[in-house]
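Here the structure is laid out as C-alpha cells; the discussion comes afterwards.
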Amino acid sequence: MPQPSAPRKALGRPPRISREEVIETARRIVDTEGVGRLTMRRLAMEIGSTAMALYHHVRNKEELLVLLLDDYAARTLQRPELPAQPRERIVVAAATIHEALAACPWIVEVLTADDLMSTSALWFVEQIVDGLVECGLPPERAVHGYRAIWYYTAGEIVVRTTAARRRTDDDRPTYRERAFAELDPSELPRLAQVADHWAPLTAEDTYLEGLRALVDGLLTPR
C-alpha cells in the first residue's frame with residue numbers, strides 16, 4: 001500500500017528581519033573573520049533570510065559598513081567634559097573621536113566610507129562645528145572646517161594602522177627604507193640629513209600636535 005507523501009513545506013516570504021539584527025550579525029562576522037568575509041549573501045545566510053530581504057534595510061555593502069561604523073561609534077564614544085574655550089572644545093571633541101576609532105580592529109576597511117552619522121557621533125560633530133562658529137567662522141566655513149578635521153583624523157588612523165599592520169606582517173625592509181638608504185645628499189640634502197631617523201620620527205604619535213596646528217590654520221583670518 002503506497003505511503004502518503006510527506007507534506008510539502010509551504011513556500012512564502014522569508015521571516016521578517018530587523019535592521020538591528022542585520023547590524024548585530026554583520027558585526028559578529030567582521031569581529032571574528034574580518035571585513036573581507038562580509039558579503040550580503042553571507043550575511044543573509046547567517047540570518048536565515050535572503051540577500052533580497054536585506055536590501056530593505058541597506059542598499060549595499062558600502063552602506064552596511066557605514067552602519068557598522070556608526071554602531072561602533074554609538075557603543076564606544078563617551079562624551080567627555082568639554083572645556084569652556086571653543087578652540088579647546090574643538091580639539092577635545094576631535095581627539096575623542098580619534099581615540100575611539102583608532103581602537104577598532106577593522107576600522108581601516110570602513111573608515112573612509114563616509115562621515116560618522118550616528119546620533120552619538122553627531123553630538124561630537126556639533127561640538128566641532130559650534131566651536132568653529134564661536135571662534136568666528138560663518139556656519140558654511142565651519143562645515144568645511146569640520147570636514148578638514150575629519151579628513152585629517154580619518155587619514156591619520158588609516159595611515160598609522162596600515163603601516164603598523166605592514167610592519168607586523170613583513171619584517172623585510174620596506175620600499176621607503178631601501179629608497180632612503182640610497183639617497184643622494186647632493187640632490188636631497190634635507191632628507192639625507194634625517195634619513196636614519198625617518199622611521200622612528202614618522203612613527204611618533206603627533207596627532208594632537210597636528211590637530212592643533214590644523215585648527216589654528218582654520219581659524220587664521222583670511
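Here, A, B, ... name the chains of the C-alpha cells in the order displayed, residue numbers run from 1 inside each chain, and ligands are numbered from 1 in the same displayed order.
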Report the residues of stretch 4-133 of chain A whose backbone DSSP state falls under alpha helix (DSSP H), written as a ChimeraX atom specification.
-> /A:19-33,40-47,51-54,61-76,86-102,107-111,119-133
Residues near A:Val143, cut-off 10 Å, only C-alpha atoms, skip fewer than 2 positions along chain, as a compact mmCIF listing (two decimals) with N, CA and C atoms, in the first residue's frame:
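File selection.txt, as written:
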# COMPACT_ATOMS: atom_id res chain seq x y z
N VAL A 125 30.25 66.03 16.28
CA VAL A 125 30.27 66.90 15.11
C VAL A 125 29.72 68.27 15.48
N GLU A 126 28.65 68.28 16.26
CA GLU A 126 28.05 69.54 16.71
C GLU A 126 29.06 70.37 17.50
N ILE A 128 32.31 70.36 17.32
CA ILE A 128 33.36 70.88 16.45
C ILE A 128 32.84 72.06 15.63
N VAL A 129 31.68 71.88 15.01
CA VAL A 129 31.11 72.96 14.18
C VAL A 129 30.78 74.18 15.05
N ASP A 130 30.17 73.94 16.21
CA ASP A 130 29.81 75.05 17.09
C ASP A 130 31.07 75.78 17.58
N LEU A 132 33.91 76.06 16.03
CA LEU A 132 34.45 76.86 14.91
C LEU A 132 33.63 78.13 14.71
N VAL A 133 32.30 78.02 14.85
CA VAL A 133 31.44 79.20 14.71
C VAL A 133 31.73 80.19 15.84
N LEU A 137 34.08 81.71 12.64
CA LEU A 137 33.80 81.27 11.27
C LEU A 137 32.30 81.32 10.99
N PRO A 138 31.91 81.68 9.79
CA PRO A 138 30.49 81.55 9.42
C PRO A 138 30.14 80.07 9.33
N PRO A 139 28.87 79.73 9.49
CA PRO A 139 28.48 78.31 9.52
C PRO A 139 28.96 77.51 8.31
N GLU A 140 28.94 78.11 7.13
CA GLU A 140 29.38 77.38 5.93
C GLU A 140 30.86 77.00 6.03
N ARG A 141 31.68 77.95 6.46
CA ARG A 141 33.11 77.65 6.61
C ARG A 141 33.36 76.73 7.79
N GLY A 145 35.47 73.43 7.75
CA GLY A 145 36.49 73.17 8.76
C GLY A 145 36.33 71.81 9.40
N TYR A 146 35.08 71.45 9.70
CA TYR A 146 34.83 70.12 10.26
C TYR A 146 35.31 69.04 9.30
N ARG A 147 35.01 69.21 8.00
CA ARG A 147 35.41 68.21 7.02
C ARG A 147 36.93 68.07 6.99
N ALA A 148 37.66 69.19 7.08
CA ALA A 148 39.12 69.12 7.10
C ALA A 148 39.61 68.36 8.33
N ILE A 149 38.99 68.61 9.48
CA ILE A 149 39.37 67.90 10.71
C ILE A 149 39.06 66.42 10.59
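Residue nearest A:Ala74, chosen from A:Glu156, A:Ala179, A:Ala100, A:Arg89 and counting only C-alpha atoms: A:Ala100.
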Find the residues near A:Thr50: any atom within 9 Å, counting only C-alpha atoms, skip ones fewer than 6 places away on the same chain, and give them as a PyMOL selection string.
-> chain A and resi 14+40-41+43-44
Sorted by chain and rising residue number, list the residues of stretch 58-117 of chain A at most 8 Å from stretch 18-28 of chain A (counting only C-alpha atoms), each with its closest atom pair and distance in Å to one decimal, as CSV.
residue,atom,partner,partner_atom,distance
A:Leu64,CA,A:Ile23,CA,7.6
A:Leu67,CA,A:Ile23,CA,7.2
A:Leu68,CA,A:Ile23,CA,6.4
A:Asp71,CA,A:Ile23,CA,7.8
So that I can see what lies close to A:Ala93, please list as an mmCIF file with N, CA and C atoms, in the first residue's frame the residues with an atom at most 12 Å from it, counting only C-alpha atoms and leaving out residues fewer than 2 positions away in the same chain.
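Wrote out.cif, looks like this:
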data_model
loop_
_atom_site.group_PDB
_atom_site.id
_atom_site.type_symbol
_atom_site.label_atom_id
_atom_site.label_comp_id
_atom_site.auth_asym_id
_atom_site.auth_seq_id
_atom_site.Cartn_x
_atom_site.Cartn_y
_atom_site.Cartn_z
ATOM 1 N N LEU A 77 31.857 55.701 21.817
ATOM 2 C CA LEU A 77 32.122 57.118 22.056
ATOM 3 C C LEU A 77 31.481 57.575 23.365
ATOM 4 N N GLN A 78 32.281 58.076 24.252
ATOM 5 C CA GLN A 78 31.800 58.608 25.519
ATOM 6 C C GLN A 78 31.984 60.122 25.517
ATOM 7 N N ARG A 79 30.917 60.836 25.834
ATOM 8 C CA ARG A 79 31.005 62.290 25.825
ATOM 9 C C ARG A 79 31.935 62.777 26.931
ATOM 10 N N PRO A 80 32.982 63.505 26.571
ATOM 11 C CA PRO A 80 33.909 63.991 27.592
ATOM 12 C C PRO A 80 33.405 65.297 28.200
ATOM 13 N N GLU A 81 34.046 65.687 29.272
ATOM 14 C CA GLU A 81 33.771 67.012 29.828
ATOM 15 C C GLU A 81 34.492 68.029 28.956
ATOM 16 N N LEU A 82 33.748 68.951 28.398
ATOM 17 C CA LEU A 82 34.329 69.873 27.427
ATOM 18 C C LEU A 82 34.792 71.164 28.094
ATOM 19 N N PRO A 83 35.923 71.684 27.663
ATOM 20 C CA PRO A 83 36.386 72.976 28.201
ATOM 21 C C PRO A 83 35.501 74.109 27.694
ATOM 22 N N PRO A 86 36.234 77.652 23.186
ATOM 23 C CA PRO A 86 35.767 76.941 21.997
ATOM 24 C C PRO A 86 36.870 76.274 21.186
ATOM 25 N N ARG A 87 38.039 76.889 21.116
ATOM 26 C CA ARG A 87 39.147 76.280 20.373
ATOM 27 C C ARG A 87 39.538 74.950 21.004
ATOM 28 N N GLU A 88 39.610 74.920 22.327
ATOM 29 C CA GLU A 88 39.951 73.677 23.018
ATOM 30 C C GLU A 88 38.817 72.657 22.909
ATOM 31 N N ARG A 89 37.584 73.137 22.841
ATOM 32 C CA ARG A 89 36.436 72.245 22.691
ATOM 33 C C ARG A 89 36.516 71.482 21.368
ATOM 34 N N ILE A 90 36.949 72.172 20.334
ATOM 35 C CA ILE A 90 37.131 71.520 19.035
ATOM 36 C C ILE A 90 38.163 70.402 19.144
ATOM 37 N N VAL A 91 39.283 70.709 19.787
ATOM 38 C CA VAL A 91 40.374 69.745 19.907
ATOM 39 C C VAL A 91 39.939 68.524 20.716
ATOM 40 N N ALA A 95 39.706 64.779 19.240
ATOM 41 C CA ALA A 95 40.623 63.799 19.832
ATOM 42 C C ALA A 95 39.864 62.615 20.419
ATOM 43 N N THR A 96 38.677 62.854 20.953
ATOM 44 C CA THR A 96 37.868 61.763 21.497
ATOM 45 C C THR A 96 37.416 60.828 20.380
ATOM 46 N N ILE A 97 36.989 61.389 19.264
ATOM 47 C CA ILE A 97 36.632 60.560 18.106
ATOM 48 C C ILE A 97 37.829 59.732 17.664
ATOM 49 N N HIS A 98 38.984 60.378 17.562
ATOM 50 C CA HIS A 98 40.205 59.702 17.115
ATOM 51 C C HIS A 98 40.561 58.539 18.032
ATOM 52 N N GLU A 99 40.513 58.765 19.325
ATOM 53 C CA GLU A 99 40.890 57.723 20.286
ATOM 54 C C GLU A 99 39.962 56.515 20.188
ATOM 55 N N ALA A 100 38.666 56.768 20.057
ATOM 56 C CA ALA A 100 37.708 55.667 19.994
ATOM 57 C C ALA A 100 37.860 54.868 18.708
ATOM 58 N N SER A 120 25.048 59.492 18.450
ATOM 59 C CA SER A 120 26.116 59.761 19.414
ATOM 60 C C SER A 120 27.277 60.490 18.758
ATOM 61 N N ALA A 121 27.587 60.143 17.517
ATOM 62 C CA ALA A 121 28.694 60.808 16.828
ATOM 63 C C ALA A 121 28.319 62.231 16.433
ATOM 64 N N LEU A 122 27.056 62.450 16.102
ATOM 65 C CA LEU A 122 26.632 63.791 15.699
ATOM 66 C C LEU A 122 26.826 64.808 16.820
ATOM 67 N N TRP A 123 26.746 64.360 18.055
ATOM 68 C CA TRP A 123 26.998 65.268 19.173
ATOM 69 C C TRP A 123 28.423 65.822 19.079
ATOM 70 N N PHE A 124 29.380 64.983 18.707
ATOM 71 C CA PHE A 124 30.768 65.423 18.578
ATOM 72 C C PHE A 124 30.931 66.359 17.380
ATOM 73 N N VAL A 125 30.250 66.030 16.284
ATOM 74 C CA VAL A 125 30.275 66.902 15.110
ATOM 75 C C VAL A 125 29.721 68.275 15.480
ATOM 76 N N GLU A 126 28.646 68.282 16.258
ATOM 77 C CA GLU A 126 28.048 69.540 16.712
ATOM 78 C C GLU A 126 29.056 70.368 17.504
ATOM 79 N N GLN A 127 29.808 69.725 18.397
ATOM 80 C CA GLN A 127 30.775 70.467 19.211
ATOM 81 C C GLN A 127 31.862 71.087 18.348
ATOM 82 N N ILE A 128 32.310 70.360 17.324
ATOM 83 C CA ILE A 128 33.357 70.879 16.449
ATOM 84 C C ILE A 128 32.836 72.059 15.632
ATOM 85 N N VAL A 129 31.678 71.883 15.008
ATOM 86 C CA VAL A 129 31.113 72.961 14.181
ATOM 87 C C VAL A 129 30.783 74.177 15.047
ATOM 88 N N ASP A 130 30.168 73.938 16.211
ATOM 89 C CA ASP A 130 29.814 75.045 17.095
ATOM 90 C C ASP A 130 31.066 75.776 17.582
ATOM 91 N N GLY A 131 32.113 75.022 17.910
ATOM 92 C CA GLY A 131 33.348 75.657 18.349
ATOM 93 C C GLY A 131 33.952 76.535 17.267
ATOM 94 N N LEU A 132 33.912 76.063 16.028
ATOM 95 C CA LEU A 132 34.446 76.856 14.915
ATOM 96 C C LEU A 132 33.627 78.132 14.713
ATOM 97 N N TYR A 146 35.080 71.450 9.704
ATOM 98 C CA TYR A 146 34.834 70.116 10.263
ATOM 99 C C TYR A 146 35.308 69.037 9.301
ATOM 100 N N ILE A 149 38.992 68.607 9.476
ATOM 101 C CA ILE A 149 39.370 67.903 10.707
ATOM 102 C C ILE A 149 39.059 66.416 10.588
ATOM 103 N N TRP A 150 37.900 66.089 9.991
ATOM 104 C CA TRP A 150 37.529 64.688 9.831
ATOM 105 C C TRP A 150 38.500 63.975 8.888
ATOM 106 N N THR A 153 41.714 63.365 10.705
ATOM 107 C CA THR A 153 41.554 62.320 11.718
ATOM 108 C C THR A 153 41.476 60.948 11.074
ATOM 109 N N LEU A 208 47.736 64.952 18.065
ATOM 110 C CA LEU A 208 47.258 66.151 18.762
ATOM 111 C C LEU A 208 47.994 67.399 18.303
ATOM 112 N N LEU A 211 46.626 68.245 14.987
ATOM 113 C CA LEU A 211 45.252 68.731 15.108
ATOM 114 C C LEU A 211 45.233 70.187 15.538
#
